[in-house]
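Text of the file input.tsv, holding TSV, C-alpha atoms and all ligand atoms:
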```tsv
chain	number	residue	atom	x	y	z
A	25	MET	CA	9.99	24.19	28.20
A	26	GLN	CA	11.74	23.80	24.89
A	27	ILE	CA	10.13	22.21	21.85
A	28	THR	CA	12.24	20.62	19.11
A	29	LYS	CA	11.25	19.08	15.81
A	30	ARG	CA	14.64	18.01	14.50
A	31	ARG	CA	16.80	15.12	15.64
A	32	ASP	CA	20.07	17.05	15.67
A	33	ASP	CA	18.62	19.99	17.67
A	34	THR	CA	17.21	17.54	20.21
A	35	SER	CA	20.50	15.68	20.60
A	36	ALA	CA	22.38	18.98	20.97
A	37	GLN	CA	20.04	20.28	23.70
A	38	VAL	CA	20.32	17.05	25.67
A	39	LEU	CA	24.08	16.81	25.22
A	40	ALA	CA	24.59	20.33	26.56
A	41	ARG	CA	22.86	19.32	29.81
A	42	LYS	CA	24.53	15.90	29.91
A	43	ASN	CA	27.96	17.50	29.66
A	44	ARG	CA	27.13	19.50	32.78
A	45	GLY	CA	26.36	16.27	34.64
A	46	ALA	CA	22.56	16.18	34.32
A	47	VAL	CA	20.72	12.85	34.64
A	48	ILE	CA	18.38	12.61	31.62
A	49	GLY	CA	14.94	11.01	31.90
A	50	PHE	CA	12.83	10.20	28.84
A	51	VAL	CA	9.10	9.55	28.36
A	52	PRO	CA	8.07	8.52	24.84
A	53	THR	CA	4.39	9.12	23.98
A	54	MET	CA	1.99	9.33	21.07
A	55	GLY	CA	0.25	12.38	22.54
A	56	ALA	CA	-3.42	12.87	23.50
A	57	LEU	CA	-1.95	13.04	26.97
A	58	HIS	CA	-3.77	12.10	30.16
A	59	GLN	CA	-2.82	11.57	33.79
A	60	GLY	CA	-1.29	8.16	32.92
A	61	HIS	CA	1.32	9.86	30.73
A	62	LEU	CA	1.78	12.66	33.25
A	63	SER	CA	2.46	10.15	36.04
A	64	LEU	CA	5.48	9.01	33.99
A	65	ILE	CA	6.67	12.62	33.64
A	66	GLU	CA	6.19	13.16	37.39
A	67	LYS	CA	8.15	10.01	38.20
A	68	ALA	CA	10.93	11.12	35.82
A	69	CYS	CA	11.04	14.55	37.51
A	70	GLN	CA	11.62	12.88	40.88
A	71	THR	CA	14.86	11.15	39.84
A	72	CYS	CA	16.19	13.07	36.82
A	73	ASP	CA	17.63	16.57	36.28
A	74	MET	CA	16.29	16.96	32.75
A	75	VAL	CA	13.02	15.37	31.60
A	76	VAL	CA	12.47	14.88	27.88
A	77	ALA	CA	9.15	13.75	26.37
A	78	SER	CA	8.43	12.88	22.78
A	79	ILE	CA	5.12	13.15	20.98
A	80	PHE	CA	5.04	11.13	17.79
A	81	VAL	CA	2.14	9.10	16.40
A	82	ASN	CA	4.34	6.37	15.03
A	83	PRO	CA	2.78	5.19	11.75
A	84	ILE	CA	4.78	1.95	11.55
A	85	GLN	CA	3.35	0.52	14.77
A	86	PHE	CA	-0.25	0.72	13.49
A	87	ASN	CA	-1.31	-2.51	11.83
A	88	ASN	CA	-4.72	-0.97	11.15
A	89	PRO	CA	-4.84	2.12	8.86
A	90	SER	CA	-8.18	3.26	10.27
A	91	ASP	CA	-6.72	3.21	13.82
A	92	LEU	CA	-3.86	5.47	12.68
A	93	GLU	CA	-6.23	7.83	10.88
A	94	HIS	CA	-8.53	8.21	13.88
A	95	TYR	CA	-5.85	8.29	16.59
A	96	PRO	CA	-6.60	11.39	18.73
A	97	ARG	CA	-4.27	14.38	18.28
A	98	THR	CA	-4.40	17.19	20.87
A	99	ILE	CA	-0.98	18.82	20.55
A	100	THR	CA	-1.78	22.26	22.05
A	101	ALA	CA	-3.30	20.79	25.20
A	102	ASP	CA	-0.48	18.22	25.37
A	103	LEU	CA	2.22	20.90	25.43
A	104	GLU	CA	0.39	22.79	28.19
A	105	LYS	CA	0.11	19.63	30.28
A	106	LEU	CA	3.78	18.73	29.80
A	107	GLU	CA	4.93	22.20	30.81
A	108	ALA	CA	2.74	22.15	33.94
A	109	ALA	CA	4.09	18.70	34.85
A	110	GLY	CA	7.68	19.96	34.79
A	111	CYS	CA	8.91	18.59	31.46
A	112	ASP	CA	12.02	20.40	30.15
A	113	LEU	CA	12.06	19.44	26.47
A	114	VAL	CA	9.47	18.00	24.08
A	115	PHE	CA	10.57	16.39	20.84
A	116	THR	CA	7.74	16.48	18.24
A	117	PRO	CA	9.21	15.12	15.02
A	118	ASP	CA	7.21	14.36	11.88
A	119	ALA	CA	7.42	11.04	10.04
A	120	GLN	CA	9.97	12.37	7.54
A	121	GLU	CA	12.27	13.34	10.41
A	122	MET	CA	12.02	9.91	12.05
A	123	TYR	CA	12.03	7.91	8.82
A	124	PRO	CA	13.94	9.81	6.12
A	125	GLN	CA	14.87	6.54	4.40
A	126	ALA	CA	13.43	3.06	4.04
A	127	ILE	CA	13.18	1.25	7.37
A	128	THR	CA	15.46	-1.76	7.49
A	129	GLU	CA	15.57	-2.70	11.17
A	130	GLN	CA	14.07	-6.09	11.89
A	131	TYR	CA	14.06	-7.20	15.51
A	132	ASP	CA	13.47	-10.70	16.82
A	133	PHE	CA	11.84	-10.97	20.23
A	134	GLY	CA	11.15	-14.69	19.92
A	135	LYS	CA	8.16	-16.10	21.81
A	136	LEU	CA	7.48	-12.79	23.56
A	137	GLU	CA	6.23	-11.22	20.33
A	138	GLN	CA	4.20	-14.24	19.22
A	139	VAL	CA	1.54	-13.98	21.93
A	140	LEU	CA	-1.22	-11.53	22.94
A	141	GLU	CA	-0.70	-8.13	21.24
A	142	GLY	CA	2.05	-9.58	19.04
A	143	GLU	CA	-0.26	-12.32	17.80
A	144	HIS	CA	-3.20	-9.98	17.17
A	145	ARG	CA	-1.28	-6.98	15.80
A	146	PRO	CA	1.27	-8.28	13.27
A	147	GLY	CA	4.29	-6.00	12.93
A	148	HIS	CA	3.21	-3.84	15.87
A	149	PHE	CA	6.15	-4.59	18.16
A	150	ASN	CA	8.76	-4.23	15.44
A	151	GLY	CA	7.31	-0.77	14.76
A	152	VAL	CA	7.47	0.05	18.47
A	153	ALA	CA	11.05	-1.24	18.77
A	154	VAL	CA	12.23	0.68	15.70
A	155	VAL	CA	10.87	4.01	16.94
A	156	VAL	CA	11.96	3.55	20.56
A	157	LYS	CA	15.52	2.55	19.56
A	158	ARG	CA	15.76	5.55	17.24
A	159	LEU	CA	14.44	7.85	19.99
A	160	PHE	CA	16.93	6.36	22.47
A	161	ASP	CA	19.75	7.02	19.99
A	162	ILE	CA	18.66	10.66	19.57
A	163	ILE	CA	18.03	11.41	23.25
A	164	THR	CA	20.54	9.01	24.89
A	165	PRO	CA	18.63	9.06	28.21
A	166	HIS	CA	19.94	7.54	31.42
A	167	LYS	CA	16.42	6.40	32.31
A	168	ALA	CA	13.25	5.83	30.27
A	169	PHE	CA	9.78	5.48	31.78
A	170	PHE	CA	7.12	3.07	30.47
A	171	GLY	CA	3.64	2.26	31.77
A	172	GLU	CA	2.47	-1.19	32.81
A	173	LYS	CA	-0.74	-0.34	30.93
A	174	ASP	CA	1.12	-1.69	27.88
A	175	TYR	CA	2.60	-4.57	29.84
A	176	GLN	CA	3.87	-6.59	26.87
A	177	GLN	CA	5.41	-3.46	25.34
A	178	LEU	CA	7.33	-2.89	28.59
A	179	LEU	CA	8.80	-6.40	28.32
A	180	ILE	CA	9.61	-5.85	24.62
A	181	ILE	CA	11.49	-2.66	25.53
A	182	ASN	CA	13.44	-4.52	28.23
A	183	ALA	CA	14.37	-7.13	25.61
A	184	LEU	CA	15.29	-4.41	23.07
A	185	VAL	CA	17.62	-2.70	25.53
A	186	LYS	CA	19.29	-6.01	26.35
A	187	GLN	CA	19.62	-7.07	22.69
A	188	THR	CA	21.09	-3.78	21.54
A	189	ALA	CA	23.19	-3.23	24.69
A	190	CYS	CA	21.57	0.18	25.04
A	191	PRO	CA	22.82	1.92	28.22
A	192	VAL	CA	19.42	3.03	29.52
A	193	GLU	CA	17.55	1.99	32.66
A	194	ILE	CA	13.92	1.09	31.98
A	195	VAL	CA	11.62	2.23	34.79
A	196	PRO	CA	8.20	0.51	34.91
A	197	CYS	CA	5.29	2.68	36.13
A	198	PRO	CA	1.91	1.52	37.52
A	199	ILE	CA	-1.35	1.82	35.58
A	200	ILE	CA	-3.30	5.03	36.30
A	201	ARG	CA	-7.07	4.56	36.25
A	202	GLU	CA	-10.19	6.70	36.12
A	203	ALA	CA	-12.31	6.79	39.30
A	204	ASP	CA	-14.50	3.98	37.90
A	205	GLY	CA	-11.48	1.73	37.23
A	206	LEU	CA	-11.10	2.22	33.47
A	207	ALA	CA	-7.38	2.35	32.61
A	208	MET	CA	-6.59	5.79	31.22
A	209	SER	CA	-5.88	5.63	27.49
A	210	SER	CA	-5.76	8.10	24.62
A	211	ARG	CA	-8.23	5.86	22.78
A	212	ASN	CA	-10.83	6.42	25.53
A	213	LEU	CA	-11.46	9.78	23.81
A	214	LEU	CA	-12.90	7.81	20.88
A	215	LEU	CA	-15.59	6.09	22.98
A	216	THR	CA	-19.15	7.35	22.68
A	217	PRO	CA	-20.70	8.52	26.00
A	218	GLU	CA	-22.66	5.26	26.07
A	219	GLU	CA	-19.53	3.15	25.46
A	220	ARG	CA	-17.60	5.14	28.07
A	221	LYS	CA	-20.19	4.09	30.67
A	222	ILE	CA	-19.77	0.42	29.74
A	223	ALA	CA	-15.95	0.45	29.42
A	224	PRO	CA	-15.11	-0.18	33.14
A	225	PHE	CA	-16.50	-3.71	32.61
A	226	LEU	CA	-13.02	-4.61	31.34
A	227	TYR	CA	-11.28	-3.82	34.63
A	228	GLN	CA	-14.18	-5.15	36.74
A	229	THR	CA	-13.90	-8.51	34.98
A	230	LEU	CA	-10.12	-8.59	35.48
A	231	CYS	CA	-10.55	-7.88	39.19
A	232	GLU	CA	-13.18	-10.58	39.61
A	233	ALA	CA	-10.95	-13.03	37.75
A	234	ALA	CA	-7.97	-12.13	39.95
A	235	GLU	CA	-10.15	-12.74	43.01
A	236	LYS	CA	-11.00	-16.23	41.72
A	237	GLY	CA	-7.26	-16.95	41.47
A	238	LYS	CA	-7.19	-18.08	45.08
A	239	GLU	CA	-9.72	-20.88	44.57
A	240	GLU	CA	-10.26	-21.79	40.93
A	241	SER	CA	-7.98	-23.43	38.38
A	242	ILE	CA	-6.42	-21.30	35.63
A	243	GLU	CA	-8.55	-23.06	33.03
A	244	THR	CA	-11.74	-22.27	34.95
A	245	ILE	CA	-10.81	-18.59	35.38
A	246	VAL	CA	-9.93	-18.14	31.70
A	247	GLN	CA	-13.15	-19.87	30.58
A	248	TRP	CA	-15.15	-17.72	33.00
A	249	GLY	CA	-13.48	-14.52	31.71
A	250	GLU	CA	-14.08	-15.45	28.07
A	251	MET	CA	-17.72	-16.18	28.84
A	252	GLN	CA	-18.24	-12.80	30.50
A	253	PHE	CA	-17.19	-11.06	27.31
A	254	GLN	CA	-18.99	-13.43	24.96
A	255	ALA	CA	-22.21	-12.88	26.94
A	256	HIS	CA	-21.81	-9.10	26.87
A	257	PRO	CA	-23.79	-7.44	24.06
A	258	SER	CA	-21.27	-4.63	23.43
A	259	PHE	CA	-17.82	-6.25	23.62
A	260	ARG	CA	-15.96	-8.34	21.07
A	261	LEU	CA	-13.16	-10.23	22.81
A	262	GLU	CA	-9.73	-10.73	21.22
A	263	TYR	CA	-8.04	-12.49	24.12
A	264	PHE	CA	-8.39	-13.11	27.84
A	265	GLN	CA	-5.29	-14.90	29.09
A	266	ILE	CA	-3.29	-15.68	32.18
A	267	ALA	CA	0.45	-15.57	31.57
A	268	ASP	CA	3.63	-15.50	33.61
A	269	SER	CA	4.81	-11.94	34.24
A	270	VAL	CA	8.31	-12.39	32.84
A	271	ALA	CA	7.97	-14.18	29.47
A	272	LEU	CA	4.18	-13.70	29.06
A	273	GLN	CA	3.72	-17.30	28.03
A	274	PRO	CA	0.26	-18.76	28.77
A	275	LEU	CA	0.07	-20.53	32.12
A	276	HIS	CA	-1.96	-23.73	32.35
A	277	THR	CA	-1.28	-24.74	35.92
A	278	LYS	CA	-0.73	-22.64	38.99
A	279	GLU	CA	2.92	-22.16	39.81
A	280	GLY	CA	2.91	-20.56	43.23
A	281	ASP	CA	6.28	-18.91	43.01
A	282	LYS	CA	5.67	-17.37	39.58
A	283	ALA	CA	4.26	-13.85	39.32
A	284	ALA	CA	1.39	-13.87	36.82
A	285	ARG	CA	-0.82	-11.39	34.98
A	286	ILE	CA	-4.29	-11.55	33.49
A	287	LEU	CA	-4.34	-9.68	30.20
A	288	VAL	CA	-7.30	-8.73	28.07
A	289	ALA	CA	-7.95	-7.06	24.72
A	290	ALA	CA	-11.50	-6.37	23.55
A	291	TRP	CA	-13.31	-4.16	21.07
A	292	LEU	CA	-16.00	-1.81	22.30
A	293	GLY	CA	-17.63	-0.48	19.15
A	294	ASN	CA	-14.73	0.71	16.98
A	295	VAL	CA	-12.30	1.11	19.87
A	296	ARG	CA	-9.85	-1.58	20.90
A	297	LEU	CA	-9.16	-1.52	24.64
A	298	ILE	CA	-6.44	-3.40	26.55
A	299	ASP	CA	-5.84	-3.83	30.26
A	300	ASN	CA	-4.08	-6.14	32.69
A	301	VAL	CA	-3.79	-6.89	36.40
A	302	GLN	CA	-1.53	-8.99	38.57
A	303	ILE	CA	-2.93	-12.30	39.79
A	304	ILE	CA	-1.66	-14.03	42.93
A	305	PHE	CA	-2.45	-17.72	43.35
B	401	LIG	P1	1.14	5.98	24.37
B	401	LIG	O1	1.01	7.46	24.21
B	401	LIG	O2	-0.15	5.25	24.39
B	401	LIG	O3	2.16	5.39	23.41
B	401	LIG	O4	1.76	5.76	25.82
B	401	LIG	C1	2.98	6.35	26.21
B	401	LIG	C2	3.42	5.76	27.53
B	401	LIG	O5	2.42	6.04	28.53
B	401	LIG	C3	3.57	4.24	27.50
B	401	LIG	O6	4.70	3.87	28.26
B	401	LIG	C4	2.30	3.76	28.14
B	401	LIG	O7	2.38	2.49	28.73
B	401	LIG	C5	2.08	4.84	29.18
B	401	LIG	N1	0.67	4.87	29.60
B	401	LIG	C6	-0.43	4.99	28.80
B	401	LIG	N2	-1.55	4.93	29.55
B	401	LIG	C7	-1.15	4.74	30.84
B	401	LIG	C8	-1.84	4.58	32.07
B	401	LIG	N3	-3.18	4.59	32.15
B	401	LIG	N4	-1.11	4.42	33.20
B	401	LIG	C9	0.25	4.40	33.14
B	401	LIG	N5	0.95	4.54	32.01
B	401	LIG	C10	0.26	4.71	30.87
```
Whole structure, structure tokens version:
Amino acid sequence: MQITKRRDDTSAQVLARKNRGAVIGFVPTMGALHQGHLSLIEKACQTCDMVVASIFVNPIQFNNPSDLEHYPRTITADLEKLEAAGCDLVFTPDAQEMYPQAITEQYDFGKLEQVLEGEHRPGHFNGVAVVVKRLFDIITPHKAFFGEKDYQQLLIINALVKQTACPVEIVPCPIIREADGLAMSSRNLLLTPEERKIAPFLYQTLCEAAEKGKEESIETIVQWGEMQFQAHPSFRLEYFQIADSVALQPLHTKEGDKAARILVAAWLGNVRLIDNVQIIF
């Protein structure tokens, strides 16, 4: 497995393989890798000839300086895991390499960025879009793999690709969970042992809410979900919402033919957790 730190080296390595007809798959990450990330690498290996990963803790997508400071960094273990998973090239730039000059890109994702994560993390999705577009320009992949764990981000990336006419296929990948249901996340490393025991409550509540989808109204389910978190001594809820799966706009009435998701963000101690599940009415 090759490791590059510079943009031009990375582009050159990829281009050499591309010129020999290789299909290039790309998995962008912020490191502290777990089986969720590795499932994306494995999926890329199945359909691509060369798999490229990036590890870059992107400062401009953090709206909270303390979150950036405490974000877990486990580079040595990450490289071992990527190699074992079959990754061919890892791009590990520093901030100077990604952002040598002032950042001027300003994307507009309309209503999609005004809800949920976009509403609660101002500037977050522009930071994500800037880094992903720059990475796409460096790596020029045929396919890029994104997890449904960050469901809204996946839709933002689809919109980015459309807006910028970027010739890359976005491949959505299912959420990988711990045995107790907790969605795998780099931030789980920041939970205390006590918090880690409580954390599956997030997914359990989503599952119970999805189950109620068959009988209850959307309003009733959302109120029930909000109450579960408000009554819990350890969680501080940011949102619990049911939205359509395509535009992520809040749903108020059941529309049978529309695929929908329940999405939640909540603080457990100092750690902000997000998760989502499909709901079928
Ligand atoms: P991150 O390192 O958090 O920026 O995540 C990099 C990629 O891995 C994103 O596309 C995430 O959606 C994806 N990812 C993170 N956690 C999971 C998970 N538990 N299951 C599937 N994909 C995930």
Give as a ChimeraX atom specification every residue, naming chains and numbers as the document does, that has an atom within 7 Å of (-7.6, 0.5, 23.8), counting all atoms listed in the file. /A:209,211-212,295-298
Length of the atom CA of Ile304 of chain A to atom CA of Glu262 of chain A vector [Å]: 23.4 Å
Write out as a PyMOL selection string each polymer residue whose atoms come within 10 Å of Phe170 of chain A, counting only C-alpha atoms; drop sequence neighbours fewer than 3 positions from it. chain A and resi 50-53+61+64+173-175+177-179+181+194-199
Could you save the residues just selected, with C-alpha atoms, as a PDB file, keeping the file's coordinate frame?
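The result, stored in again.pdb:
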```
ATOM      1  CA  PHE A  50      12.830  10.200  28.840  1.00  0.00           C
ATOM      2  CA  VAL A  51       9.100   9.550  28.360  1.00  0.00           C
ATOM      3  CA  PRO A  52       8.070   8.520  24.840  1.00  0.00           C
ATOM      4  CA  THR A  53       4.390   9.120  23.980  1.00  0.00           C
ATOM      5  CA  HIS A  61       1.320   9.860  30.730  1.00  0.00           C
ATOM      6  CA  LEU A  64       5.480   9.010  33.990  1.00  0.00           C
ATOM      7  CA  LYS A 173      -0.740  -0.340  30.930  1.00  0.00           C
ATOM      8  CA  ASP A 174       1.120  -1.690  27.880  1.00  0.00           C
ATOM      9  CA  TYR A 175       2.600  -4.570  29.840  1.00  0.00           C
ATOM     10  CA  GLN A 177       5.410  -3.460  25.340  1.00  0.00           C
ATOM     11  CA  LEU A 178       7.330  -2.890  28.590  1.00  0.00           C
ATOM     12  CA  LEU A 179       8.800  -6.400  28.320  1.00  0.00           C
ATOM     13  CA  ILE A 181      11.490  -2.660  25.530  1.00  0.00           C
ATOM     14  CA  ILE A 194      13.920   1.090  31.980  1.00  0.00           C
ATOM     15  CA  VAL A 195      11.620   2.230  34.790  1.00  0.00           C
ATOM     16  CA  PRO A 196       8.200   0.510  34.910  1.00  0.00           C
ATOM     17  CA  CYS A 197       5.290   2.680  36.130  1.00  0.00           C
ATOM     18  CA  PRO A 198       1.910   1.520  37.520  1.00  0.00           C
ATOM     19  CA  ILE A 199      -1.350   1.820  35.580  1.00  0.00           C
TER      20      ILE A 199
END
```
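Atom pair atom CA of Gln130 of chain A / atom CA of Gly142 of chain A: separated by 14.4 Å.
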Across A:Ser63, A:Thr229, A:Asn87, A:Gln187, the smallest distance to Glu172 of chain A, with only C-alpha atoms counted, is shown by A:Ser63
Counting all atoms listed in the file, the option among A:Cys69, A:Met208, A:Leu113, A:Ala46 closest to ligand LIG 401 (chain B): A:Met208
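By chain and then residue number, the residues within 7 Å of Pro165 of chain A are Ile48, Gly49, Phe50, Phe160 and Val192 of chain A, counting only C-alpha atoms and disregarding those fewer than 5 positions away in sequence.
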Excluding segment 263-272 of chain A and any residue of its chain fewer than 4 positions from it, enumerate the residues within 8 Å of it, using all atoms listed in the file, and give them as a VMD selection string. chain A and resid 135 to 136 139 to 140 176 179 242 246 249 to 250 282 to 290
Just give me the gap between atom CA of Tyr123 of chain A and atom CA of Glu104 of chain A in Å, one decimal is fine.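 These atoms are spaced 27.1 Å apart.
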Taking all listed atoms of ligand LIG 401 (chain B), build the axis-aligned box, pad each of the six sides by 3 Å, then write its centre and edge lengths in Å to one decimal as lines of an AutoDock Vina configuration file.
```
center_x = 0.8
center_y = 5.0
center_z = 28.3
size_x = 13.9
size_y = 11.0
size_z = 15.8
```
Need to verify the contact set: Arg97 of chain A, 9 Å, all atoms listed in the file, exclusion of same-chain residues closer than 3 positions in sequence. Can you return it as number ranges by chain? A: 54-56, 81, 94, 102
Counting all atoms listed in the file, which residue out of A:Glu66, A:Glu235, A:Asp132, A:Glu137 sits closest to ligand LIG 401 (chain B)? A:Glu66
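Between Val38 of chain A and the residues A:Leu213, A:Val76, A:Ala119, A:Leu92, the shortest atom-to-atom distance, using only C-alpha atoms, involves A:Val76.
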I want to know what sits within 6 Å of segment 82-86 of chain A, based on all atoms listed in the file, with residues of the same chain fewer than 2 positions away left out; could you give that as a VMD selection string? chain A and resid 80 88 148 151 to 152
Go through A:Ala108, A:Ile163, A:Val114, A:Leu214 and flag the residue nearest Pro191 of chain A, using all atoms listed in the file for the distances. A:Ile163
For ligand LIG 401 (chain B), which residue among A:Ala77, A:Met251, A:Ala109, A:Ile245 is the nearest when counting all atoms listed in the file?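 Result for the nearest residue to ligand LIG 401 (chain B): A:Ala77.
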Where atoms are missing, can you supply N, CA and C atoms for segment 128-144 of chain A and output the lot as an mmCIF file, in the coordinates of the input?
```cif
data_model
loop_
_atom_site.group_PDB
_atom_site.id
_atom_site.type_symbol
_atom_site.label_atom_id
_atom_site.label_comp_id
_atom_site.auth_asym_id
_atom_site.auth_seq_id
_atom_site.Cartn_x
_atom_site.Cartn_y
_atom_site.Cartn_z
ATOM 1 N N THR A 128 14.867 -0.438 7.717
ATOM 2 C CA THR A 128 15.460 -1.760 7.490
ATOM 3 C C THR A 128 15.589 -2.591 8.767
ATOM 4 N N GLU A 129 15.394 -1.948 9.928
ATOM 5 C CA GLU A 129 15.570 -2.700 11.170
ATOM 6 C C GLU A 129 14.518 -3.804 11.302
ATOM 7 N N GLN A 130 14.985 -4.974 11.652
ATOM 8 C CA GLN A 130 14.070 -6.090 11.890
ATOM 9 C C GLN A 130 14.497 -6.766 13.190
ATOM 10 N N TYR A 131 13.705 -6.619 14.219
ATOM 11 C CA TYR A 131 14.060 -7.200 15.510
ATOM 12 C C TYR A 131 13.417 -8.564 15.673
ATOM 13 N N ASP A 132 14.024 -9.372 16.535
ATOM 14 C CA ASP A 132 13.470 -10.700 16.820
ATOM 15 C C ASP A 132 13.319 -10.828 18.332
ATOM 16 N N PHE A 133 12.082 -10.855 18.794
ATOM 17 C CA PHE A 133 11.840 -10.970 20.230
ATOM 18 C C PHE A 133 11.338 -12.380 20.591
ATOM 19 N N GLY A 134 11.490 -13.292 19.652
ATOM 20 C CA GLY A 134 11.150 -14.690 19.920
ATOM 21 C C GLY A 134 9.711 -14.864 20.365
ATOM 22 N N LYS A 135 9.522 -15.740 21.360
ATOM 23 C CA LYS A 135 8.160 -16.100 21.810
ATOM 24 C C LYS A 135 7.402 -14.916 22.375
ATOM 25 N N LEU A 136 8.144 -13.953 22.927
ATOM 26 C CA LEU A 136 7.480 -12.790 23.560
ATOM 27 C C LEU A 136 6.616 -12.024 22.565
ATOM 28 N N GLU A 137 7.014 -11.994 21.297
ATOM 29 C CA GLU A 137 6.230 -11.220 20.330
ATOM 30 C C GLU A 137 5.208 -12.078 19.569
ATOM 31 N N GLN A 138 5.141 -13.365 19.944
ATOM 32 C CA GLN A 138 4.200 -14.240 19.220
ATOM 33 C C GLN A 138 2.875 -14.405 19.950
ATOM 34 N N VAL A 139 2.771 -13.820 21.134
ATOM 35 C CA VAL A 139 1.540 -13.980 21.930
ATOM 36 C C VAL A 139 0.808 -12.637 22.068
ATOM 37 N N LEU A 140 -0.449 -12.717 22.531
ATOM 38 C CA LEU A 140 -1.220 -11.530 22.940
ATOM 39 C C LEU A 140 -1.195 -10.432 21.878
ATOM 40 N N GLU A 141 -0.705 -9.238 22.209
ATOM 41 C CA GLU A 141 -0.700 -8.130 21.240
ATOM 42 C C GLU A 141 0.091 -8.496 19.986
ATOM 43 N N GLY A 142 1.196 -9.199 20.175
ATOM 44 C CA GLY A 142 2.050 -9.580 19.040
ATOM 45 C C GLY A 142 1.303 -10.488 18.071
ATOM 46 N N GLU A 143 0.508 -11.379 18.641
ATOM 47 C CA GLU A 143 -0.260 -12.320 17.800
ATOM 48 C C GLU A 143 -1.386 -11.587 17.060
ATOM 49 N N HIS A 144 -2.020 -10.639 17.740
ATOM 50 C CA HIS A 144 -3.200 -9.980 17.170
ATOM 51 C C HIS A 144 -2.872 -8.733 16.365
#
```
